[in-house]
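**Student:** Contents of target24.txt (compact mmCIF, C-alpha atoms and all ligand atoms) are given next:
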# COMPACT_ATOMS: atom_id res chain seq x y z
CA MET A 1 181.06 -97.18 100.65
CA THR A 2 178.92 -97.38 103.79
CA ARG A 3 175.46 -95.87 104.03
CA ASN A 4 176.52 -92.81 106.02
CA GLN A 5 179.34 -91.71 103.78
CA SER A 6 178.88 -88.60 101.67
CA ALA A 7 178.83 -88.99 97.92
CA PRO A 8 182.05 -88.19 96.06
CA PRO A 9 181.95 -84.86 94.22
CA PRO A 10 181.13 -84.96 90.50
CA GLY A 11 184.03 -86.18 88.40
CA THR A 12 185.73 -87.79 91.42
CA ALA A 13 186.35 -91.53 91.66
CA ALA A 14 184.67 -93.37 94.54
CA PRO A 15 186.89 -93.45 97.64
CA ASP A 16 189.12 -96.46 98.17
CA PRO A 17 189.99 -96.02 101.84
CA ASP A 18 191.87 -99.30 102.19
CA HIS A 19 194.37 -98.75 99.41
CA ALA A 20 194.57 -95.03 98.77
CA ALA A 21 197.61 -92.97 99.70
CA ALA A 22 197.35 -91.24 103.07
CA ILE A 23 197.56 -87.90 101.25
CA ASP A 24 197.19 -87.31 97.53
CA VAL A 25 197.57 -83.73 96.40
CA ALA A 26 197.41 -82.82 92.69
CA HIS A 27 198.13 -79.47 91.04
CA LEU A 28 197.23 -77.60 94.20
CA VAL A 29 197.12 -73.82 93.86
CA LYS A 30 196.21 -71.20 96.46
CA ILE A 31 196.15 -67.56 95.50
CA TYR A 32 195.55 -64.96 98.22
CA LYS A 33 194.48 -61.83 96.33
CA THR A 34 197.52 -61.65 94.07
CA ALA A 35 200.04 -63.77 96.06
CA ARG A 36 200.50 -67.35 94.87
CA ALA A 37 201.01 -68.96 98.30
CA VAL A 38 200.92 -72.47 96.78
CA ASP A 39 201.68 -72.83 93.10
CA ASP A 40 200.94 -76.17 91.39
CA VAL A 41 201.98 -78.57 94.12
CA SER A 42 201.53 -82.34 93.63
CA PHE A 43 202.63 -85.20 95.89
CA GLN A 44 201.44 -88.47 97.39
CA ILE A 45 202.27 -89.59 100.91
CA ALA A 46 202.40 -93.33 101.62
CA ARG A 47 200.65 -94.72 104.66
CA GLY A 48 202.81 -95.26 107.72
CA SER A 49 205.51 -92.83 106.58
CA ILE A 50 206.87 -89.69 108.22
CA THR A 51 207.39 -86.87 105.72
CA GLY A 52 208.99 -83.52 106.41
CA LEU A 53 207.70 -80.40 104.68
CA LEU A 54 210.57 -77.92 104.58
CA GLY A 55 210.97 -74.41 103.28
CA GLY A 56 211.78 -70.90 104.39
CA ASN A 57 209.28 -68.46 105.88
CA GLY A 58 206.38 -67.93 103.51
CA ALA A 59 207.24 -70.97 101.34
CA GLY A 60 203.66 -72.26 101.54
CA LYS A 61 203.92 -75.08 104.10
CA THR A 62 201.14 -73.96 106.45
CA THR A 63 198.82 -73.15 103.55
CA THR A 64 199.43 -76.62 102.07
CA ILE A 65 198.68 -78.29 105.42
CA ALA A 66 195.56 -76.13 105.88
CA MET A 67 194.28 -77.23 102.44
CA ILE A 68 194.97 -80.89 103.30
CA MET A 69 192.89 -80.43 106.43
CA GLY A 70 190.09 -78.78 104.47
CA LEU A 71 190.46 -75.53 106.45
CA VAL A 72 191.55 -73.46 103.44
CA LEU A 73 189.88 -73.91 100.06
CA PRO A 74 192.28 -74.39 97.14
CA THR A 75 192.00 -71.93 94.26
CA SER A 76 192.43 -74.99 92.03
CA GLY A 77 193.72 -78.55 92.20
CA ARG A 78 192.56 -81.37 94.43
CA VAL A 79 193.28 -83.01 97.79
CA ARG A 80 192.42 -86.54 98.84
CA VAL A 81 192.99 -87.79 102.37
CA LEU A 82 192.89 -91.56 103.01
CA GLY A 83 191.02 -91.82 99.72
CA TYR A 84 188.43 -89.12 100.43
CA ALA A 85 188.12 -85.81 98.60
CA MET A 86 188.72 -82.76 100.77
CA PRO A 87 186.83 -80.74 101.74
CA GLU A 88 183.77 -82.34 100.04
CA GLN A 89 184.02 -85.63 101.96
CA SER A 90 185.69 -84.25 105.07
CA GLU A 91 183.03 -85.61 107.38
CA ASP A 92 184.10 -89.15 106.42
CA VAL A 93 187.72 -88.58 107.29
CA LEU A 94 188.14 -85.75 109.83
CA GLY A 95 187.66 -88.20 112.69
CA ARG A 96 190.73 -90.13 111.50
CA MET A 97 193.00 -87.07 111.29
CA ASN A 98 194.37 -84.64 113.81
CA PHE A 99 196.61 -81.61 113.91
CA GLU A 100 199.08 -79.95 116.23
CA SER A 101 200.70 -76.54 116.12
CA PRO A 102 202.29 -74.62 118.99
CA TYR A 103 200.78 -71.49 117.41
CA VAL A 104 197.20 -72.63 118.01
CA ASP A 105 196.29 -72.17 121.67
CA MET A 106 193.72 -74.23 123.53
CA PRO A 107 191.22 -72.43 125.80
CA MET A 108 193.35 -70.98 128.60
CA ARG A 109 190.85 -71.03 131.45
CA LEU A 110 189.90 -74.67 131.04
CA THR A 111 192.04 -77.20 132.86
CA VAL A 112 194.05 -79.71 130.85
CA ARG A 113 191.53 -82.43 131.71
CA GLN A 114 188.59 -80.19 130.65
CA ASN A 115 190.31 -79.30 127.39
CA LEU A 116 191.02 -82.93 126.57
CA THR A 117 187.43 -83.81 127.47
CA VAL A 118 186.04 -81.15 125.10
CA PHE A 119 188.25 -82.29 122.21
CA GLY A 120 187.61 -85.95 123.00
CA LYS A 121 183.85 -85.32 122.82
CA LEU A 122 184.24 -83.45 119.53
CA TYR A 123 185.89 -86.58 118.15
CA ALA A 124 183.36 -88.88 119.89
CA VAL A 125 186.22 -90.81 121.51
CA PRO A 126 184.86 -93.95 123.19
CA GLU A 127 185.73 -94.45 126.88
CA LEU A 128 187.07 -90.93 126.99
CA ARG A 129 187.94 -90.89 130.68
CA GLU A 130 190.20 -93.93 130.23
CA ARG A 131 191.73 -92.45 127.06
CA ILE A 132 192.63 -89.23 128.90
CA ALA A 133 194.11 -91.22 131.79
CA GLN A 134 196.21 -93.22 129.34
CA LEU A 135 197.48 -90.11 127.53
CA ALA A 136 198.23 -88.41 130.85
CA GLU A 137 200.35 -91.42 131.77
CA ASP A 138 202.07 -91.71 128.35
CA LEU A 139 202.77 -87.99 128.02
CA ASP A 140 203.51 -87.31 131.67
CA LEU A 141 200.62 -84.88 132.25
CA ASN A 142 199.39 -86.08 135.64
CA GLU A 143 201.20 -83.39 137.61
CA PHE A 144 199.19 -80.60 135.91
CA LEU A 145 196.09 -82.39 134.63
CA ASP A 146 193.77 -80.23 136.75
CA ARG A 147 195.61 -76.94 136.20
CA PRO A 148 194.26 -74.32 133.75
CA ASN A 149 196.02 -74.45 130.39
CA GLY A 150 196.94 -70.76 130.73
CA LYS A 151 199.11 -71.56 133.75
CA LEU A 152 201.39 -74.04 132.02
CA SER A 153 204.91 -73.54 130.68
CA ALA A 154 205.48 -73.66 126.91
CA GLY A 155 206.88 -77.21 127.16
CA GLN A 156 203.91 -78.40 129.25
CA LYS A 157 201.50 -76.80 126.75
CA THR A 158 203.22 -78.64 123.94
CA ARG A 159 202.75 -81.96 125.72
CA VAL A 160 199.05 -81.13 126.20
CA ALA A 161 198.78 -80.16 122.52
CA LEU A 162 200.28 -83.53 121.62
CA ALA A 163 197.75 -85.30 123.86
CA LYS A 164 194.97 -83.35 122.10
CA ALA A 165 196.41 -84.37 118.71
CA LEU A 166 196.47 -88.05 119.70
CA ILE A 167 193.13 -88.14 121.55
CA ASN A 168 191.26 -89.79 118.65
CA ARG A 169 194.14 -92.18 117.78
CA PRO A 170 194.49 -90.55 114.35
CA ASP A 171 195.63 -92.48 111.30
CA LEU A 172 196.98 -89.22 109.88
CA LEU A 173 198.77 -86.62 111.98
CA LEU A 174 199.59 -83.18 110.56
CA LEU A 175 202.12 -81.23 112.59
CA ASP A 176 203.17 -77.62 112.09
CA GLU A 177 206.54 -77.16 113.80
CA PRO A 178 205.73 -79.54 116.66
CA THR A 179 208.89 -78.72 118.62
CA ALA A 180 209.17 -74.96 117.98
CA SER A 181 210.40 -73.07 121.07
CA LEU A 182 211.03 -76.24 123.06
CA ASP A 183 214.29 -76.89 124.87
CA PRO A 184 216.39 -79.64 123.26
CA ASP A 185 215.47 -82.21 125.91
CA THR A 186 211.70 -81.64 125.63
CA ALA A 187 211.95 -81.49 121.82
CA ASP A 188 213.75 -84.84 121.82
CA TRP A 189 211.10 -86.25 124.14
CA VAL A 190 208.31 -85.09 121.79
CA ARG A 191 210.10 -86.68 118.81
CA GLN A 192 210.39 -89.98 120.67
CA ARG A 193 206.67 -89.95 121.43
CA LEU A 194 205.87 -89.26 117.76
CA GLU A 195 208.09 -92.13 116.61
CA THR A 196 206.51 -94.47 119.14
CA TYR A 197 203.02 -93.43 118.06
CA ARG A 198 203.86 -94.04 114.40
CA GLN A 199 205.30 -97.48 115.21
CA GLN A 200 202.45 -98.57 117.46
CA HIS A 201 199.57 -97.31 115.31
CA GLY A 202 201.05 -97.46 111.81
CA ALA A 203 200.08 -93.79 111.55
CA THR A 204 201.15 -91.42 108.79
CA ILE A 205 202.78 -88.16 109.84
CA LEU A 206 203.36 -85.01 107.79
CA LEU A 207 205.33 -82.36 109.62
CA ALA A 208 206.38 -78.85 108.70
CA SER A 209 209.61 -78.02 110.47
CA HIS A 210 212.48 -75.57 110.50
CA ASN A 211 214.56 -77.99 112.57
CA MET A 212 216.75 -79.87 110.10
CA LEU A 213 218.16 -82.29 112.68
CA GLU A 214 214.62 -83.20 113.62
CA VAL A 215 213.74 -83.87 110.00
CA GLU A 216 216.91 -85.93 109.44
CA ARG A 217 216.10 -88.01 112.48
CA LEU A 218 212.37 -88.53 111.98
CA CYS A 219 211.58 -88.38 108.30
CA ASP A 220 211.66 -91.07 105.60
CA ARG A 221 211.10 -88.39 103.02
CA VAL A 222 211.53 -84.66 102.65
CA ILE A 223 209.56 -82.26 100.45
CA ILE A 224 211.29 -78.90 100.10
CA MET A 225 209.09 -75.94 99.16
CA LYS A 226 210.19 -72.56 97.89
CA ARG A 227 207.88 -69.70 96.88
CA GLY A 228 204.87 -72.01 96.77
CA ARG A 229 206.51 -74.66 94.59
CA ILE A 230 208.20 -78.00 95.27
CA GLU A 231 211.94 -77.56 94.90
CA ASP A 232 212.91 -81.13 95.82
CA ASP A 233 211.27 -84.34 97.02
CA ASP A 234 213.26 -87.39 98.13
CA SER A 235 214.71 -89.26 101.12
CA PRO A 236 216.99 -87.14 103.35
CA ASP A 237 220.00 -89.29 102.34
CA ASN A 238 219.36 -88.94 98.60
CA ILE A 239 218.82 -85.20 98.90
CA MET A 240 222.04 -84.69 100.86
CA GLN A 241 223.92 -86.83 98.32
CA ARG A 242 222.48 -84.92 95.38
CA TYR A 243 223.39 -81.56 96.86
CA ASN A 244 226.76 -82.95 97.91
CA ARG A 245 226.12 -81.87 101.50
CA ALA A 246 226.60 -83.64 104.84
CA THR A 247 223.51 -82.18 106.52
CA LEU A 248 220.01 -81.09 105.57
CA GLU A 249 220.77 -77.71 107.13
CA GLU A 250 223.39 -77.14 104.42
CA VAL A 251 220.94 -78.28 101.74
CA PHE A 252 218.34 -75.88 103.15
CA LEU A 253 220.79 -72.98 102.87
CA ASP A 254 221.66 -73.98 99.30
CA VAL A 255 217.98 -73.97 98.34
CA ALA A 256 217.20 -70.76 100.22
CA ARG A 257 220.14 -68.94 98.64
CA GLY A 258 219.54 -70.33 95.18
CA ARG A 259 222.84 -72.20 94.90
CA VAL A 260 221.32 -74.94 92.73
CA GLN A 261 221.92 -74.03 89.13
CA ASP A 262 220.95 -76.04 86.05
CA GLY A 263 221.16 -79.30 87.98
CA ALA A 264 224.91 -78.84 88.50
CA LEU A 265 225.21 -79.43 92.20
CA GLN A 266 228.53 -78.09 93.32
CA ALA A 267 229.36 -77.84 97.01
CA THR A 268 230.16 -74.23 97.77
CA PRO A 269 231.46 -72.85 101.07
CA LEU A 270 228.58 -72.00 103.41
CA HIS A 271 230.35 -69.40 105.48
CA GLY A 272 231.87 -66.16 104.36
CA ASP A 273 230.84 -66.51 100.73
CA ALA A 274 228.74 -63.92 98.95
CA SER A 275 226.93 -66.22 96.52
N1 LIG B 301 195.42 -65.63 105.11
C1 LIG B 301 196.34 -65.14 104.27
N2 LIG B 301 196.08 -64.06 103.52
C2 LIG B 301 196.98 -63.58 102.65
N3 LIG B 301 198.20 -64.12 102.45
C3 LIG B 301 198.51 -65.21 103.18
C4 LIG B 301 197.60 -65.78 104.13
N4 LIG B 301 198.20 -66.85 104.69
C5 LIG B 301 199.41 -66.95 104.15
N5 LIG B 301 199.61 -65.96 103.24
C6 LIG B 301 200.80 -65.77 102.40
O1 LIG B 301 201.04 -66.97 101.71
C7 LIG B 301 202.43 -67.27 101.65
C8 LIG B 301 202.69 -68.65 102.25
O2 LIG B 301 202.43 -68.58 103.65
P1 LIG B 301 202.52 -69.86 104.59
O3 LIG B 301 202.06 -69.45 105.94
O4 LIG B 301 201.82 -70.99 103.93
O5 LIG B 301 204.09 -70.16 104.58
P2 LIG B 301 204.97 -71.09 105.52
O6 LIG B 301 205.87 -71.87 104.64
O7 LIG B 301 204.09 -71.87 106.46
O8 LIG B 301 205.81 -70.00 106.33
P3 LIG B 301 206.42 -70.01 107.83
O9 LIG B 301 207.59 -70.94 107.82
O10 LIG B 301 206.82 -68.59 108.01
O11 LIG B 301 205.33 -70.43 108.77
C9 LIG B 301 203.14 -66.12 102.36
O12 LIG B 301 203.57 -65.19 101.39
C10 LIG B 301 202.05 -65.54 103.24
O13 LIG B 301 202.27 -64.15 103.44
Could you render the structure as structure tokens?
Ligand SMILES: Nc1ncnc2c1ncn2[C@@H]1O[C@H](COP(=O)(O)OP(=O)(O)OP(=O)(O)O)[C@@H](O)[C@H]1O

**Tutor:**
Amino acid sequence: MTRNQSAPPPGTAAPDPDHAAAIDVAHLVKIYKTARAVDDVSFQIARGSITGLLGGNGAGKTTTIAMIMGLVLPTSGRVRVLGYAMPEQSEDVLGRMNFESPYVDMPMRLTVRQNLTVFGKLYAVPELRERIAQLAEDLDLNEFLDRPNGKLSAGQKTRVALAKALINRPDLLLLDEPTASLDPDTADWVRQRLETYRQQHGATILLASHNMLEVERLCDRVIIMKRGRIEDDDSPDNIMQRYNRATLEEVFLDVARGRVQDGALQATPLHGDAS
């Protein structure tokens, strides 16, 4: 541990940043008043992997991601990111993470360049001007770099949000529906950029998504949540095989409609059945 790092909380092992899992979540619970948004969730995410967090509306995906980021305090359980306890040691690790969601707007009156400059300074990015120029080139932002964020199309805003998420070259990228409301071409373009970033930087990506084709294409592993709990956790291929389905979309419908009974995974018709 270097001099500037914060001490681990009592009862927590010293961080092992070189060997720890990118994310290590154990018995995580979040109760809002009486609702159990996340209910005893445990998983580890290996470095360099892309994992999809799936589940219907209200399954607990965003709450789980918010706890991993240290933005929401767990009711119980623990979170470690790159070996550091969250949120106690967040100052040691926040600079190595970043987040993107189309539902979180950046300041509308600032231009794209100004926004990226503000976020770059927050992350103390070295040679920030050059970093912004590089991202503008990579993500095709030059045409609107000096336009206010509020005057961009949804697809352009998404590209800017991706630039913001990559500004600090994060080792861990948390994405909440990164391609929601994008046209298929722009969504595909965003996915390609994410894959390239993972390959070039060895980064770890955890993404919540409702787009099953996206998850099949991008993810090495899928964690399916339902009512705050983990319903399944495996590679997309293994999950499809186990549910006897040809696509993750069909698996998703099986899970959502409760077709999995006592481990007996029988393929049932998806259309026109009342099960
Ligand atoms: N701030 C909050 N206060 C009270 N309840 C909340 C809060 N945030 C989320 N919830 C509840 O917690 C549960 C899980 O919500 P969460 O947003 O984590 O689900 P999700 O899987 O991300 O859903 P979606 O796919 O709709 O975004 C839901 O029942 C939701 O109503």

**Student:** Adding 8 Å on each side of the box along x, y and z that holds all listed atoms of ligand LIG 301 (chain B), could you give its centre and edge lengths in Å to one decimal, as JSON?

**Tutor:**
{"center_x": 201.5, "center_y": -67.7, "center_z": 105.1, "size_x": 28.2, "size_y": 24.3, "size_z": 23.4}

**Student:** Residues within 8 Å of ligand LIG 301 (chain B) should be enumerated using only C-alpha atoms and all ligand atoms and returned as a compact mmCIF listing (two decimals) with C-alpha atoms, in the coordinates of the input.

**Tutor:**
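Final output, saved to selection-v8.txt:
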# COMPACT_ATOMS: atom_id res chain seq x y z
CA ILE A 31 196.15 -67.56 95.50
CA TYR A 32 195.55 -64.96 98.22
CA LYS A 33 194.48 -61.83 96.33
CA ALA A 35 200.04 -63.77 96.06
CA ARG A 36 200.50 -67.35 94.87
CA ALA A 37 201.01 -68.96 98.30
CA VAL A 38 200.92 -72.47 96.78
CA LEU A 54 210.57 -77.92 104.58
CA GLY A 55 210.97 -74.41 103.28
CA GLY A 56 211.78 -70.90 104.39
CA ASN A 57 209.28 -68.46 105.88
CA GLY A 58 206.38 -67.93 103.51
CA ALA A 59 207.24 -70.97 101.34
CA GLY A 60 203.66 -72.26 101.54
CA LYS A 61 203.92 -75.08 104.10
CA THR A 62 201.14 -73.96 106.45
CA THR A 63 198.82 -73.15 103.55
CA THR A 64 199.43 -76.62 102.07
CA ALA A 208 206.38 -78.85 108.70
CA SER A 209 209.61 -78.02 110.47
CA HIS A 210 212.48 -75.57 110.50
CA MET A 225 209.09 -75.94 99.16
CA ARG A 227 207.88 -69.70 96.88
CA GLY A 228 204.87 -72.01 96.77

**Student:** Using all atoms listed in the file, find the one residue out of A:Met69, A:Ala154, A:Val112, A:Val81 that sits nearest to Ala20 (chain A).

**Tutor:**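 Ranked by minimum distance to Ala20 (chain A), first place goes to A:Val81.
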
**Student:** Pick out the residues sitting within 10 Å of Ala246 (chain A), and hand them over as number ranges by chain; count only C-alpha atoms, and ignore anything fewer than 6 positions along from it in its own chain.

**Tutor:** A: 237, 239-240

**Student:** Measure the distance from CA of Pro87 (chain A) to CA of Phe43 (chain A) in Å and round it to one decimal.

**Tutor:**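 Separation of CA of Pro87 (chain A) and CA of Phe43 (chain A): 17.4 Å.
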
**Student:** Quick check, in Å to one decimal: how far apart do CA of Ala133 (chain A) and CA of Arg47 (chain A) lie?

**Tutor:** 28.1 Å

**Student:** State, in Å with one decimal place, the distance from CA of Arg80 (chain A) to CA of Gln44 (chain A).

**Tutor:**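 According to the coordinates, CA of Arg80 (chain A) and CA of Gln44 (chain A) are separated by 9.3 Å.
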
**Student:** Please return, as a compact mmCIF listing (two decimals) with C-alpha atoms, in the coordinates of the input, all polymer residues that have at least one atom within 8 Å of the point (201.7, -86.5, 125.7); use all atoms listed in the file and the file's own coordinate frame.

**Tutor:**
# COMPACT_ATOMS: atom_id res chain seq x y z
CA LEU A 135 197.48 -90.11 127.53
CA ALA A 136 198.23 -88.41 130.85
CA GLU A 137 200.35 -91.42 131.77
CA ASP A 138 202.07 -91.71 128.35
CA LEU A 139 202.77 -87.99 128.02
CA ASP A 140 203.51 -87.31 131.67
CA LEU A 141 200.62 -84.88 132.25
CA ARG A 159 202.75 -81.96 125.72
CA VAL A 160 199.05 -81.13 126.20
CA ALA A 161 198.78 -80.16 122.52
CA LEU A 162 200.28 -83.53 121.62
CA ALA A 163 197.75 -85.30 123.86
CA VAL A 190 208.31 -85.09 121.79
CA ARG A 193 206.67 -89.95 121.43

**Student:** With all atoms listed in the file as the atoms that count, which of A:Leu152, A:Ile45, A:Leu128, A:Val251 lies nearest to Ala26 (chain A)?

**Tutor:** A:Ile45

**Student:** Between A:Ala124, A:Asp183, A:Asn238, A:Gln114, which residue has the minimum interatomic distance to Phe144 (chain A), considering only C-alpha atoms?

**Tutor:** A:Gln114

**Student:** Between A:Gly83, A:Gly52, A:Pro148, A:Gly70, which one has atoms that come closest to Ser235 (chain A), using all atoms listed in the file?

**Tutor:**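 Between A:Gly83, A:Gly52, A:Pro148, A:Gly70, the residue approaching Ser235 (chain A) most closely is A:Gly52.
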
**Student:** Which residue gives the smallest distance to Val93 (chain A) among A:Asp171, A:Asp185, A:Asp146, A:Glu177, with only C-alpha atoms counted?

**Tutor:**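 Distance minimum relative to Val93 (chain A) lands on A:Asp171.
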
**Student:** Pick out the residues sitting within 9 Å of region 199-204 of chain A, and hand them over as a PDB file with C-alpha atoms, in the coordinates of the input; count only C-alpha atoms, and ignore anything fewer than 4 positions along from it in its own chain.

**Tutor:**
ATOM      1  CA  ALA A  22     197.350 -91.240 103.070  1.00  0.00           C
ATOM      2  CA  ILE A  45     202.270 -89.590 100.910  1.00  0.00           C
ATOM      3  CA  ALA A  46     202.400 -93.330 101.620  1.00  0.00           C
ATOM      4  CA  ARG A  47     200.650 -94.720 104.660  1.00  0.00           C
ATOM      5  CA  GLY A  48     202.810 -95.260 107.720  1.00  0.00           C
ATOM      6  CA  SER A  49     205.510 -92.830 106.580  1.00  0.00           C
ATOM      7  CA  ILE A  50     206.870 -89.690 108.220  1.00  0.00           C
ATOM      8  CA  THR A  51     207.390 -86.870 105.720  1.00  0.00           C
ATOM      9  CA  ARG A 169     194.140 -92.180 117.780  1.00  0.00           C
ATOM     10  CA  PRO A 170     194.490 -90.550 114.350  1.00  0.00           C
ATOM     11  CA  ASP A 171     195.630 -92.480 111.300  1.00  0.00           C
ATOM     12  CA  LEU A 172     196.980 -89.220 109.880  1.00  0.00           C
ATOM     13  CA  LEU A 173     198.770 -86.620 111.980  1.00  0.00           C
ATOM     14  CA  LEU A 174     199.590 -83.180 110.560  1.00  0.00           C
ATOM     15  CA  LEU A 194     205.870 -89.260 117.760  1.00  0.00           C
ATOM     16  CA  GLU A 195     208.090 -92.130 116.610  1.00  0.00           C
TER      17      GLU A 195
END

**Student:** For Val29 (chain A), which residue among A:Thr75, A:Gln192, A:Ser42, A:Asn98 is the nearest when counting all atoms listed in the file?

**Tutor:**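 Closest to Val29 (chain A) of all the choices is A:Thr75.
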
**Student:** Residues around (198.4, -69.9, 118.4), cut-off 12 Å, counting all atoms listed in the file - what are they as a list in words?

**Tutor:**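 The answer, in the requested form, is Glu100, Ser101, Pro102, Tyr103, Val104, Asp105, Met106, Pro107, Met108, Ala154, Lys157, Thr158, Ala161, Asp176, Glu177 and Ala180 of chain A.
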